[in-house]
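Asker: Input file: start-v4.txt. Contents: compact mmCIF, C-alpha atoms.
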# COMPACT_ATOMS: atom_id res chain seq x y z
CA MET A 224 96.65 -22.07 -9.03
CA ASN A 225 99.99 -23.60 -9.85
CA THR A 226 100.95 -21.61 -12.90
CA PRO A 227 104.21 -20.00 -11.82
CA VAL A 228 103.87 -17.01 -14.11
CA LEU A 229 103.07 -14.37 -11.55
CA GLU A 230 106.17 -14.42 -9.41
CA ASN A 231 104.39 -14.08 -6.12
CA ASP A 232 101.10 -13.33 -4.47
CA ASP A 233 102.01 -9.67 -4.25
CA ASP A 234 102.24 -9.32 -7.98
CA LEU A 235 98.84 -10.94 -8.31
CA ARG A 236 97.42 -8.51 -5.76
CA TYR A 237 98.89 -5.61 -7.72
CA ALA A 238 97.28 -6.87 -10.90
CA GLU A 239 93.96 -7.21 -9.09
CA TYR A 240 94.37 -3.72 -7.68
CA VAL A 241 94.86 -2.21 -11.13
CA LEU A 242 91.99 -4.20 -12.60
CA GLY A 243 89.84 -2.91 -9.75
CA VAL A 244 88.43 -6.09 -8.19
CA LEU A 245 89.76 -5.71 -4.65
CA ASP A 246 87.50 -4.72 -1.79
CA VAL A 247 88.09 -1.64 0.36
CA ASP A 248 90.56 -3.21 2.78
CA ALA A 249 92.63 -5.04 0.19
CA ARG A 250 92.77 -1.88 -1.92
CA ALA A 251 93.96 0.16 1.02
CA ALA A 252 96.68 -2.40 1.74
CA VAL A 253 98.02 -2.14 -1.82
CA ALA A 254 97.83 1.66 -1.74
CA GLN A 255 99.93 1.50 1.42
CA ASP A 256 102.49 -0.79 -0.29
CA ILE A 257 102.78 1.69 -3.15
CA GLU A 258 103.53 4.50 -0.71
CA VAL A 259 106.28 2.70 1.15
CA SER A 260 107.81 0.36 -1.40
CA PRO A 261 109.34 1.49 -4.67
CA ALA A 262 109.30 -2.13 -5.84
CA ALA A 263 105.56 -2.30 -5.24
CA ALA A 264 105.03 1.02 -7.02
CA ALA A 265 107.06 -0.25 -9.99
CA ALA A 266 105.09 -3.51 -10.15
CA VAL A 267 101.81 -1.63 -10.06
CA ALA A 268 103.04 0.72 -12.76
CA VAL A 269 103.78 -2.25 -15.04
CA TRP A 270 100.21 -3.47 -14.65
CA GLU A 271 98.86 0.00 -15.27
CA ARG A 272 100.82 0.24 -18.48
CA ASN A 273 99.53 -3.19 -19.48
CA LEU A 274 95.84 -2.78 -18.67
CA LEU A 275 95.11 0.95 -19.03
CA PRO A 276 94.99 0.82 -22.84
CA LEU A 277 91.55 -0.80 -22.39
CA ALA A 278 90.34 2.64 -21.34
CA ASP A 279 90.85 3.70 -24.97
CA GLU A 280 87.51 2.05 -25.66
CA ILE A 281 85.66 4.45 -23.41
CA VAL A 282 83.86 7.20 -25.26
CA ASP A 283 84.93 10.72 -24.33
CA ALA A 284 82.37 12.87 -22.53
CA ALA A 285 82.76 16.61 -22.12
CA PRO A 286 82.20 17.70 -18.52
CA ALA A 287 79.89 20.66 -17.88
CA PRO A 288 81.70 24.01 -17.80
CA TYR A 289 81.07 24.61 -14.11
CA VAL A 290 83.29 21.67 -13.15
CA TRP A 291 86.36 23.65 -14.13
CA ALA A 292 85.06 26.64 -12.17
CA ARG A 293 84.69 24.39 -9.12
CA ILE A 294 88.21 23.02 -9.48
CA ARG A 295 89.61 26.51 -9.76
CA ASP A 296 87.61 27.57 -6.75
CA ALA A 297 88.65 24.55 -4.67
CA LEU A 298 92.32 25.19 -5.43
CA LYS A 299 92.04 28.95 -5.03
CA LEU A 300 93.64 29.43 -8.42
CA ASN A 301 93.72 32.80 -10.05
CA ALA A 302 91.30 33.04 -12.85
CA PRO A 303 93.38 34.54 -15.62
CA ALA A 304 90.30 35.35 -17.63
CA ARG A 305 88.94 37.40 -14.78
CA GLU A 306 92.03 39.52 -14.48
CA ALA A 307 91.29 41.21 -17.75
CA PRO A 308 87.62 41.08 -18.57
CA ARG A 309 86.77 42.34 -22.01
CA LYS A 310 85.23 45.53 -20.85
CA GLY A 311 84.30 46.69 -24.27
CA LEU A 312 81.88 43.87 -24.80
CA TRP A 313 80.70 43.23 -21.32
CA ASN A 314 79.96 46.79 -20.41
CA ASN A 315 78.10 47.38 -23.59
CA LEU A 316 74.63 47.24 -22.11
CA PRO A 317 72.76 48.33 -25.23
CA LEU A 318 74.34 45.35 -26.97
CA TRP A 319 73.18 43.03 -24.23
CA HIS A 320 69.78 44.56 -24.22
CA TRP A 321 69.58 43.96 -27.92
CA ILE A 322 70.73 40.36 -27.52
CA GLY A 323 68.34 39.77 -24.67
CA ILE A 324 65.38 41.21 -26.45
CA GLY A 325 65.61 39.54 -29.74
CA ALA A 326 68.80 38.42 -31.36
CA SER A 327 69.01 34.93 -32.71
CA ALA A 328 71.76 32.61 -31.63
CA VAL A 329 73.37 33.04 -35.01
CA ALA A 330 73.50 36.78 -34.57
CA ILE A 331 75.07 36.34 -31.17
CA ALA A 332 77.66 34.03 -32.61
CA SER A 333 78.61 36.56 -35.21
CA VAL A 334 78.73 39.34 -32.63
CA MET A 335 81.00 37.22 -30.45
CA PHE A 336 83.34 36.40 -33.26
CA VAL A 337 83.50 39.92 -34.57
CA VAL A 338 83.77 41.76 -31.28
CA THR A 339 86.06 39.35 -29.49
CA PRO A 340 89.64 40.01 -30.47
CA PRO A 341 91.95 37.03 -30.66
CA ARG A 342 93.76 36.71 -27.37
CA PRO A 343 97.53 36.81 -27.39
CA ALA A 344 97.69 33.88 -25.00
CA PRO A 345 94.45 31.95 -25.14
CA ALA A 346 92.74 32.03 -21.78
CA PRO A 347 93.28 28.58 -20.33
CA VAL A 348 89.63 28.18 -19.57
CA ALA A 349 88.51 29.18 -23.01
CA ALA A 350 87.80 25.74 -24.38
CA ALA A 351 86.38 24.23 -21.22
CA VAL A 352 84.12 27.11 -20.57
CA GLY A 353 80.72 28.01 -21.79
CA TYR A 354 77.64 29.97 -21.14
CA MET A 355 74.73 29.21 -18.91
CA VAL A 356 71.31 30.69 -19.26
CA SER A 357 68.18 31.03 -17.22
CA ASN A 358 64.72 32.26 -18.08
CA ILE A 359 63.57 33.74 -14.82
CA GLN A 360 59.82 33.37 -15.06
CA GLN A 361 57.04 35.07 -13.19
CA ASP A 362 54.24 33.08 -11.63
CA ASN A 363 52.06 33.65 -14.68
CA GLY A 364 54.66 31.93 -16.84
CA ALA A 365 55.88 35.09 -18.54
CA THR A 366 59.61 35.64 -18.62
CA GLY A 367 60.58 38.34 -16.15
CA TRP A 368 64.32 38.41 -16.82
CA THR A 369 66.77 36.47 -18.92
CA ALA A 370 70.11 35.78 -17.26
CA THR A 371 73.19 34.84 -19.25
CA MET A 372 76.23 33.66 -17.34
CA ASP A 373 79.65 33.87 -18.96
CA LEU A 374 81.80 31.54 -16.88
CA GLN A 375 85.00 32.52 -18.63
CA ASN A 376 84.64 36.14 -17.67
CA ALA A 377 82.79 35.51 -14.42
CA ARG A 378 80.00 37.84 -15.42
CA MET A 379 76.25 37.59 -15.55
CA VAL A 380 74.01 39.81 -17.61
CA VAL A 381 70.39 40.03 -16.49
CA VAL A 382 67.99 41.50 -19.02
CA PRO A 383 64.36 42.35 -18.20
CA ALA A 384 61.87 41.01 -20.72
CA SER A 385 59.68 44.02 -20.11
CA PRO A 386 59.98 46.85 -17.58
CA THR A 387 58.43 46.01 -14.22
CA THR A 388 57.27 48.69 -11.83
CA PHE A 389 58.01 48.56 -8.13
CA GLU A 390 56.68 50.48 -5.14
CA GLN A 391 58.69 53.45 -3.97
CA GLY A 392 61.69 52.20 -2.01
CA ARG A 393 61.49 48.65 -3.37
CA ALA A 394 63.67 46.98 -5.98
CA PRO A 395 64.37 43.51 -7.38
CA GLU A 396 67.22 41.47 -5.92
CA LEU A 397 68.65 38.38 -7.63
CA TRP A 398 69.42 35.20 -5.70
CA LEU A 399 71.20 31.98 -6.56
CA ILE A 400 69.60 28.96 -4.93
CA PRO A 401 71.78 25.83 -4.99
CA SER A 402 69.68 22.69 -4.70
CA GLY A 403 68.62 22.14 -1.10
CA GLN A 404 70.51 25.16 0.16
CA LYS A 405 69.73 28.68 1.27
CA PRO A 406 69.62 31.45 -1.30
CA ILE A 407 72.85 33.35 -1.92
CA ALA A 408 72.57 37.02 -2.84
CA VAL A 409 73.88 37.75 -6.34
CA GLY A 410 73.00 41.44 -6.39
CA MET A 411 70.38 44.10 -7.05
CA ILE A 412 69.12 44.20 -10.61
CA MET A 413 67.44 46.91 -12.60
CA PRO A 414 63.67 46.60 -13.13
CA ASP A 415 63.85 48.21 -16.56
CA LYS A 416 67.41 47.89 -17.90
CA PRO A 417 70.05 45.19 -18.27
CA THR A 418 72.35 44.71 -15.31
CA THR A 419 75.84 43.24 -15.39
CA LEU A 420 76.90 41.44 -12.24
CA ALA A 421 80.30 40.01 -11.33
CA LEU A 422 80.30 36.38 -10.21
CA ASP A 423 82.77 35.57 -7.47
CA ALA A 424 84.34 32.14 -7.13
CA ALA A 425 81.78 30.99 -4.57
CA LEU A 426 78.91 31.82 -6.90
CA LEU A 427 80.62 30.43 -9.99
CA SER A 428 81.26 27.11 -8.34
CA ARG A 429 77.58 26.73 -7.50
CA LEU A 430 76.19 27.43 -10.94
CA GLY A 431 74.78 24.33 -12.50
CA PRO A 432 71.66 22.54 -13.63
CA THR A 433 70.63 21.80 -10.06
CA ALA A 434 70.72 25.47 -9.05
CA ALA A 435 68.06 28.08 -9.70
CA LEU A 436 67.86 31.85 -9.90
CA ALA A 437 65.13 33.82 -8.19
CA VAL A 438 64.12 37.46 -7.91
CA SER A 439 62.60 38.86 -4.73
CA VAL A 440 61.30 42.30 -3.83
CA GLU A 441 63.62 44.00 -1.35
CA PRO A 442 64.45 47.44 0.00
CA VAL A 443 66.42 49.45 -2.57
CA GLY A 444 69.69 48.86 -0.70
CA GLY A 445 69.20 45.09 -0.72
CA SER A 446 67.86 42.60 1.79
CA PRO A 447 68.89 43.66 5.31
CA THR A 448 69.17 40.05 6.48
CA GLY A 449 71.17 38.40 3.71
CA GLN A 450 68.14 36.27 2.88
CA PRO A 451 65.05 37.18 0.85
CA THR A 452 62.62 39.21 2.97
CA GLY A 453 60.04 40.17 0.34
CA PRO A 454 57.94 38.06 -2.02
CA VAL A 455 59.67 36.00 -4.71
CA ILE A 456 58.29 37.29 -8.01
CA ALA A 457 60.21 35.21 -10.52
CA LYS A 458 62.23 32.03 -10.61
CA GLY A 459 64.14 30.04 -13.24
CA ALA A 460 66.30 26.95 -13.64
CA ILE A 461 69.84 27.30 -14.93
CA SER A 462 70.78 25.37 -18.00
CA ALA A 463 73.72 24.90 -20.28
CA ALA A 464 74.29 22.76 -23.32
CA PRO A 465 75.74 19.62 -21.70
CA ASP A 466 78.67 19.63 -24.06
CA ALA A 467 79.03 23.38 -24.25
CA GLN A 468 82.59 23.95 -25.18
CA GLY A 469 82.60 27.64 -25.54
CA HIS A 470 80.84 27.69 -28.88
CA PRO A 471 78.77 30.83 -28.67
CA ALA A 472 76.48 29.51 -31.38
CA ARG A 473 75.10 27.04 -28.89
CA VAL A 474 73.72 29.78 -26.68
CA ALA A 475 70.30 29.07 -28.02
CA GLY A 476 68.73 29.87 -24.65
CA LEU A 477 69.40 33.52 -25.31
CA ARG A 478 66.67 33.57 -27.87
CA HIS A 479 63.88 35.53 -26.38
CA PRO A 480 60.86 33.34 -25.73
CA ARG A 481 58.61 35.78 -27.45
CA GLY A 482 60.69 35.62 -30.57
CA ASN A 483 60.67 39.37 -31.08
CA LEU A 484 63.38 40.09 -33.59
CA GLY A 485 62.94 43.85 -33.63
CA LEU A 486 65.82 45.98 -32.43
CA THR A 487 65.03 48.39 -29.66
CA MET B 150 89.30 7.39 -27.20
CA SER B 151 93.01 7.23 -27.19
CA VAL B 152 95.76 9.73 -27.27
CA THR B 153 97.67 8.10 -30.02
CA SER B 154 100.24 10.35 -31.55
CA PRO B 155 103.64 10.50 -29.88
CA ALA B 156 103.51 14.28 -30.24
CA GLU B 157 100.24 14.43 -28.30
CA ARG B 158 101.66 12.23 -25.58
CA GLU B 159 104.77 14.38 -25.35
CA GLU B 160 102.68 17.52 -25.11
CA LEU B 161 100.64 16.07 -22.24
CA ASN B 162 103.83 14.97 -20.46
CA ARG B 163 105.19 18.49 -20.79
CA LEU B 164 101.98 20.06 -19.52
CA LEU B 165 101.84 17.75 -16.51
CA ILE B 166 105.47 18.52 -15.65
CA GLU B 167 104.76 22.26 -15.96
CA THR B 168 101.69 21.78 -13.76
CA GLY B 169 104.01 20.24 -11.17
CA ARG B 170 105.86 23.57 -11.21
CA ASN B 171 102.64 25.37 -10.31
CA ASP B 172 102.06 26.66 -13.83
CA GLN B 173 98.35 27.45 -13.87
CA LYS B 174 98.20 27.94 -17.61
CA ALA B 175 99.68 24.52 -18.20
CA PHE B 176 97.19 23.04 -15.74
CA ALA B 177 94.27 24.69 -17.52
CA GLU B 178 95.53 23.49 -20.88
CA LEU B 179 96.01 19.99 -19.49
CA TYR B 180 92.40 20.08 -18.28
CA ARG B 181 91.21 21.27 -21.66
CA LEU B 182 92.97 18.42 -23.44
CA THR B 183 92.25 15.58 -21.05
CA SER B 184 89.05 16.30 -19.11
CA SER B 185 86.75 14.74 -21.72
CA LYS B 186 88.67 11.49 -21.65
CA LEU B 187 88.80 11.40 -17.85
CA PHE B 188 85.16 12.39 -17.51
CA GLY B 189 84.28 9.56 -19.89
CA VAL B 190 86.12 7.16 -17.59
CA CYS B 191 84.38 8.50 -14.46
CA LEU B 192 80.98 8.43 -16.14
CA ARG B 193 81.48 4.90 -17.41
CA MET B 194 82.37 3.60 -13.95
CA LEU B 195 79.99 5.66 -11.83
CA ARG B 196 77.06 5.83 -14.27
CA ASP B 197 75.89 9.05 -12.71
CA ARG B 198 76.72 12.50 -14.01
CA GLY B 199 76.75 14.25 -10.62
CA GLU B 200 78.98 11.60 -9.05
CA ALA B 201 81.26 11.68 -12.08
CA GLU B 202 81.55 15.47 -11.84
CA ASP B 203 82.52 15.22 -8.17
CA VAL B 204 85.14 12.59 -8.90
CA LEU B 205 86.47 14.54 -11.87
CA GLN B 206 86.89 17.54 -9.58
CA GLU B 207 88.70 15.39 -6.99
CA THR B 208 90.88 13.97 -9.72
CA TYR B 209 92.08 17.34 -11.00
CA THR B 210 92.56 18.86 -7.56
CA THR B 211 94.77 15.85 -6.84
CA VAL B 212 96.55 16.35 -10.17
CA TRP B 213 97.38 19.92 -9.18
CA ARG B 214 98.69 18.86 -5.79
CA ARG B 215 100.60 15.77 -6.87
CA ALA B 216 101.83 16.71 -10.33
CA ALA B 217 105.31 17.42 -8.95
CA GLY B 218 105.59 13.68 -8.25
CA PHE B 219 104.94 12.75 -11.88
CA ASP B 220 107.89 11.05 -13.55
CA ALA B 221 107.63 10.76 -17.30
CA ALA B 222 110.26 8.02 -17.25
CA LYS B 223 107.88 5.76 -15.32
CA ALA B 224 104.54 6.43 -16.98
CA SER B 225 103.05 8.64 -19.63
CA ALA B 226 100.95 11.55 -18.45
CA ILE B 227 97.79 10.12 -19.98
CA THR B 228 98.29 6.78 -18.18
CA TRP B 229 99.03 8.64 -14.94
CA LEU B 230 95.89 10.76 -15.31
CA THR B 231 93.61 7.93 -16.39
CA THR B 232 94.85 5.76 -13.54
CA LEU B 233 94.13 8.54 -11.09
CA SER B 234 90.58 9.00 -12.36
CA ARG B 235 89.94 5.24 -12.26
CA ASN B 236 91.30 4.95 -8.72
CA LYS B 237 89.17 7.86 -7.54
CA SER B 238 86.13 6.34 -9.25
CA ILE B 239 86.74 2.94 -7.67
CA ASP B 240 87.19 4.54 -4.25
CA ARG B 241 83.89 6.35 -4.74
CA LEU B 242 82.20 3.10 -5.84
CA ARG B 243 83.42 1.36 -2.70
CA GLN B 244 81.91 4.16 -0.61
CA HIS B 245 78.56 4.38 -2.37
CA ARG B 246 78.22 1.04 -4.04
CA GLU B 247 74.87 0.07 -2.57
CA GLU B 248 73.19 3.41 -3.22
CA ILE B 249 74.36 3.50 -6.83
CA LEU B 250 73.38 -0.05 -7.66
CA ASP B 251 70.05 0.19 -5.91
CA ASP B 252 68.94 3.16 -7.94
CA PRO B 253 67.78 1.88 -11.33
CA THR B 254 67.64 5.39 -12.78
CA ARG B 255 71.40 5.56 -12.56
CA LEU B 256 71.76 2.82 -15.10
CA GLU B 257 70.57 5.07 -17.85
CA GLU B 258 74.05 6.55 -18.21
CA THR B 259 75.42 3.13 -19.02
CA ALA B 260 76.69 2.85 -22.51
CA ASP B 261 77.89 -0.16 -24.38
CA VAL B 262 81.60 0.27 -24.87
CA GLN B 263 82.32 -2.11 -27.66
CA PRO B 264 84.90 -0.27 -29.71
CA THR B 265 83.62 1.36 -32.83
CA PRO B 266 85.39 0.57 -36.11
CA ALA B 267 86.78 4.10 -36.15
CA ALA B 268 88.14 3.70 -32.65
CA GLN B 269 89.78 0.45 -33.63
CA ALA B 270 91.32 1.98 -36.71
CA GLU B 271 93.02 4.64 -34.67
CA ALA B 272 93.76 2.39 -31.73
CA SER B 273 97.14 2.78 -30.18
CA GLN B 274 99.76 0.12 -30.55
CA GLU B 275 99.40 -0.61 -26.83
CA TYR B 276 95.67 -1.11 -27.22
CA ARG B 277 96.08 -3.48 -30.17
CA ARG B 278 98.68 -5.47 -28.26
CA LEU B 279 96.38 -5.82 -25.27
CA GLN B 280 93.42 -6.68 -27.50
CA HIS B 281 95.44 -9.39 -29.18
CA CYS B 282 96.17 -10.94 -25.79
CA MET B 283 92.58 -10.50 -24.56
CA ASP B 284 91.45 -12.42 -27.64
CA GLN B 285 93.37 -15.45 -26.39
CA LEU B 286 91.27 -15.67 -23.23
CA GLU B 287 88.21 -17.85 -23.02
CA PRO B 288 85.18 -15.69 -23.86
CA GLN B 289 83.62 -15.95 -20.41
CA HIS B 290 86.89 -15.08 -18.71
CA ARG B 291 87.51 -12.20 -21.09
CA GLU B 292 84.07 -10.77 -20.39
CA SER B 293 84.70 -10.98 -16.66
CA VAL B 294 87.97 -9.08 -17.02
CA ARG B 295 86.27 -6.42 -19.15
CA GLU B 296 83.36 -6.12 -16.74
CA ALA B 297 85.82 -5.72 -13.87
CA PHE B 298 87.86 -3.10 -15.68
CA PHE B 299 84.96 -0.99 -16.90
CA THR B 300 82.70 -1.18 -13.87
CA GLY B 301 85.17 -1.41 -10.99
CA ALA B 302 83.21 -4.30 -9.52
CA THR B 303 84.66 -6.44 -6.73
CA TYR B 304 85.11 -10.20 -7.00
CA ASN B 305 81.94 -10.62 -4.97
CA GLU B 306 79.91 -8.38 -7.23
CA LEU B 307 81.27 -10.03 -10.37
CA ALA B 308 80.41 -13.47 -9.03
CA GLY B 309 76.89 -12.24 -8.28
CA ARG B 310 76.44 -10.75 -11.73
CA CYS B 311 77.72 -13.84 -13.53
CA LYS B 312 75.93 -16.18 -11.11
CA VAL B 313 79.03 -18.24 -10.38
CA PRO B 314 80.64 -19.07 -7.02
CA LEU B 315 83.14 -16.53 -5.71
CA GLY B 316 85.98 -19.06 -6.02
CA THR B 317 85.16 -19.62 -9.67
CA MET B 318 85.23 -15.90 -10.45
CA LYS B 319 88.55 -15.45 -8.65
CA SER B 320 89.97 -18.36 -10.58
CA TRP B 321 88.77 -16.96 -13.94
CA ILE B 322 90.21 -13.51 -13.29
CA ARG B 323 93.50 -14.67 -11.81
CA ARG B 324 94.07 -17.15 -14.60
CA SER B 325 93.29 -14.39 -17.11
CA LEU B 326 95.74 -11.99 -15.45
CA MET B 327 98.47 -14.60 -15.58
CA LEU B 328 97.83 -15.35 -19.23
CA LEU B 329 97.81 -11.64 -20.03
CA GLN B 330 101.09 -11.17 -18.26
CA THR B 331 102.67 -13.97 -20.22
CA CYS B 332 101.22 -12.74 -23.50
CA LEU B 333 102.11 -9.08 -22.92
CA GLY B 334 105.57 -9.97 -21.68
CA GLN B 335 106.44 -11.62 -24.94
Please express what this file holds, its structure, as structure tokens.
Answerer:
Amino acid sequence: MNTPVLENDDDLRYAEYVLGVLDVDARAAVAQDIEVSPAAAAAVAVWERNLLPLADEIVDAAPAPYVWARIRDALKLNAPAREAPRKGLWNNLPLWHWIGIGASAVAIASVMFVVTPPRPAPAPVAAAVGYMVSNIQQDNGATGWTATMDLQNARMVVVPASPTTFEQGRAPELWLIPSGQKPIAVGMIMPDKPTTLALDAALLSRLGPTAALAVSVEPVGGSPTGQPTGPVIAKGAISAAPDAQGHPARVAGLRHPRGNLGLT
Amino acid sequence: MSVTSPAEREELNRLLIETGRNDQKAFAELYRLTSSKLFGVCLRMLRDRGEAEDVLQETYTTVWRRAAGFDAAKASAITWLTTLSRNKSIDRLRQHREEILDDPTRLEETADVQPTPAAQAEASQEYRRLQHCMDQLEPQHRESVREAFFTGATYNELAGRCKVPLGTMKSWIRRSLMLLQTCLGQ
């Protein structure tokens, strides 16, 4: 090459670095230059300004809501939304029971919009957050419980599809099973009524389409070992609309599989 | 998609500076406004949703830790952020390159990124300037530059894909970079 446009080999390397064609070692060498030499950093910055506009062609893609939960967890950030959960809505179990048993997504949307007061300072996570749902099914395919996870408020509501009876001294316990990992206890749930459970950061960060929920039969006080000891009676995958952006109307998974619209 | 309006750019600059002062609300708002663009970049390069999510997480944890070093006089926040996500993606590609390329199912995320008419209409001035200069390159050279930019491929990989000798690919790309510098410098 004898075109004397690029002033030196370094500038060419910086251009190649920004374009992304260098191998591991050559990349590391440029990264080192940037750290120690302001001139190198400035030259790289010029190339970034020149070439990065190409990225404008790339189509936006909304990340799943749990990515933000993971970032917050990794950085140990406070979760502003969790400091002041909307108790009125979340502790209203009859409402959740009603939603779990038969409300349509449209009804939920209207409930959300009516009941949720505008926040003075919008919770930072509001737009990146969404809901996740799981139909926790019994072996015979019937839904045992429906779980709805509100990532913004770090809460999960677990609603039984129909009351299940347990032996004296036994009760259902809910587990989160990240793909390929051991179950993590979420909490005891009611066999016949909705249960609201708080989700700590460790649980929140593991929610996602590769994780599952499961219910096992345990002593009333919970598994003594920290792992399921009794039979697993129901299991369900976790799902969320891939582009869920906090639009409650997309919580279609809340619709009860049996389609019963009657209020109880 | 581009962040085109000067007001939007200013707002992102402000949020990134506030993030550098450990303002969590600013950081969350910055994520809300930019994560879709950055995730698009990660997804385009890595072609795998799980990998892209990991890299997006790494990107924003790095943003939180390094935001204090952001200098709006040197780069706009959106360029700073996009560069970070590309660099993290390329680093990840260099680590996992073989696994990713060997798994044909991962290609399903690939999308053609020819700009849509709407995208072109709202293209930033910087994008139009670059596009004008790209148009001056020979078609084969231009495609190599685009392939390199959007896939993070090394010279070796590009040469393999285009079935040309390594020296030829290096020559195409280097010549293109020189021409772009001349064109953009005018």
Asker: Which of these, B:Arg215, B:Lys237, B:Arg158, B:Arg310, has the shortest distance to Thr183 (chain B) once you count only C-alpha atoms?
Answerer: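 The closest residue to Thr183 (chain B) is B:Arg158.
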Asker: Which residues come within 7 Å of His290 (chain B), counting all atoms listed in the file, excluding same-chain residues fewer than 5 positions away, as an MDAnalysis selection string?
Answerer: chainID B and resid 321:322 325
Asker: May I have the selected residues written with C-alpha atoms, as a PDB file, in the frame of the given file?
Answerer:
ATOM      1  CA  TRP B 321      88.770 -16.960 -13.940  1.00  0.00           C
ATOM      2  CA  ILE B 322      90.210 -13.510 -13.290  1.00  0.00           C
ATOM      3  CA  SER B 325      93.290 -14.390 -17.110  1.00  0.00           C
TER       4      SER B 325
END
Asker: Would you mind listing what lies within 6 Å of region 448-455 of chain A as an MDAnalysis selection string, with only C-alpha atoms counted and same-chain residues fewer than 5 positions away left out?
Answerer: chainID A and resid 438:441
Asker: Any idea what's packed within 12 Å of Tyr180 (chain B), counting all atoms listed in the file, ignoring anything in its chain fewer than 6 positions away? Could you give it as a PyMOL selection string?
Answerer: (chain A and resi 285-286+288+290-292+294-295+347-352) or (chain B and resi 161+164-165+168+173-174+186-188+205-206+208-210+212-213+227+230)
Asker: Keeping C-alpha atoms, export the residues of the selection given above as a compact mmCIF listing (two decimals), in the coordinates of the input.
Answerer:
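This is the output file selection-v9.txt:
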# COMPACT_ATOMS: atom_id res chain seq x y z
CA ALA A 285 82.76 16.61 -22.12
CA PRO A 286 82.20 17.70 -18.52
CA PRO A 288 81.70 24.01 -17.80
CA VAL A 290 83.29 21.67 -13.15
CA TRP A 291 86.36 23.65 -14.13
CA ALA A 292 85.06 26.64 -12.17
CA ILE A 294 88.21 23.02 -9.48
CA ARG A 295 89.61 26.51 -9.76
CA PRO A 347 93.28 28.58 -20.33
CA VAL A 348 89.63 28.18 -19.57
CA ALA A 349 88.51 29.18 -23.01
CA ALA A 350 87.80 25.74 -24.38
CA ALA A 351 86.38 24.23 -21.22
CA VAL A 352 84.12 27.11 -20.57
CA LEU B 161 100.64 16.07 -22.24
CA LEU B 164 101.98 20.06 -19.52
CA LEU B 165 101.84 17.75 -16.51
CA THR B 168 101.69 21.78 -13.76
CA GLN B 173 98.35 27.45 -13.87
CA LYS B 174 98.20 27.94 -17.61
CA LYS B 186 88.67 11.49 -21.65
CA LEU B 187 88.80 11.40 -17.85
CA PHE B 188 85.16 12.39 -17.51
CA LEU B 205 86.47 14.54 -11.87
CA GLN B 206 86.89 17.54 -9.58
CA THR B 208 90.88 13.97 -9.72
CA TYR B 209 92.08 17.34 -11.00
CA THR B 210 92.56 18.86 -7.56
CA VAL B 212 96.55 16.35 -10.17
CA TRP B 213 97.38 19.92 -9.18
CA ILE B 227 97.79 10.12 -19.98
CA LEU B 230 95.89 10.76 -15.31
Asker: With distances taken over all atoms listed in the file, which residue among A:Arg393, A:Met379, A:Ala434, A:Tyr237 lies nearest Ala262 (chain A)?
Answerer: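 Checking each of A:Arg393, A:Met379, A:Ala434, A:Tyr237 against Ala262 (chain A), counting all atoms listed in the file, the winner is A:Tyr237.
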Asker: Could you give me, as a PDB file with C-alpha atoms, keeping the file's coordinate frame, the residues within 7 Å of region 294-309 of chain B, counting only C-alpha atoms and dropping anything in the same chain fewer than 3 positions from it?
Answerer:
ATOM      1  CA  LEU A 242      91.990  -4.200 -12.600  1.00  0.00           C
ATOM      2  CA  GLY A 243      89.840  -2.910  -9.750  1.00  0.00           C
ATOM      3  CA  VAL A 244      88.430  -6.090  -8.190  1.00  0.00           C
ATOM      4  CA  LEU A 245      89.760  -5.710  -4.650  1.00  0.00           C
ATOM      5  CA  ASP A 246      87.500  -4.720  -1.790  1.00  0.00           C
TER       6      ASP A 246
ATOM      7  CA  ARG B 193      81.480   4.900 -17.410  1.00  0.00           C
ATOM      8  CA  MET B 194      82.370   3.600 -13.950  1.00  0.00           C
ATOM      9  CA  ILE B 239      86.740   2.940  -7.670  1.00  0.00           C
ATOM     10  CA  HIS B 290      86.890 -15.080 -18.710  1.00  0.00           C
ATOM     11  CA  ARG B 291      87.510 -12.200 -21.090  1.00  0.00           C
ATOM     12  CA  LYS B 312      75.930 -16.180 -11.110  1.00  0.00           C
ATOM     13  CA  VAL B 313      79.030 -18.240 -10.380  1.00  0.00           C
ATOM     14  CA  PRO B 314      80.640 -19.070  -7.020  1.00  0.00           C
ATOM     15  CA  LEU B 315      83.140 -16.530  -5.710  1.00  0.00           C
ATOM     16  CA  MET B 318      85.230 -15.900 -10.450  1.00  0.00           C
ATOM     17  CA  LYS B 319      88.550 -15.450  -8.650  1.00  0.00           C
ATOM     18  CA  ILE B 322      90.210 -13.510 -13.290  1.00  0.00           C
TER      19      ILE B 322
END
Asker: Which residue, A:Met413, A:Val443, A:Ala278, A:Ala435, has the smallest gap to Ser273 (chain B) when you use only C-alpha atoms?
Answerer: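 Once distances to Ser273 (chain B) are computed over only C-alpha atoms, the minimum belongs to A:Ala278.
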Asker: Of the candidates A:Ala365, A:Ser357, A:Val409, A:Gly431, which shows the shortest atom-to-atom distance to chain B, using only C-alpha atoms?
Answerer: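 Smallest separation from chain B among the options: A:Gly431.
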Asker: Tell me, in Å to one decimal, how far CA of Trp368 (chain A) is from CA of Ala384 (chain A).
Answerer: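 Between these atoms lies a distance of 5.3 Å.
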Asker: Work out how far apart CA of Ala370 (chain A) and CA of Ser402 (chain A) are and give it in Å to one decimal.
Answerer: 18.1 Å
Asker: Could you jot down the CA of Leu436 (chain A) to CA of Gly189 (chain B) separation for me, Å, one decimal place?
Answerer: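 Separation between CA of Leu436 (chain A) and CA of Gly189 (chain B): 29.4 Å.
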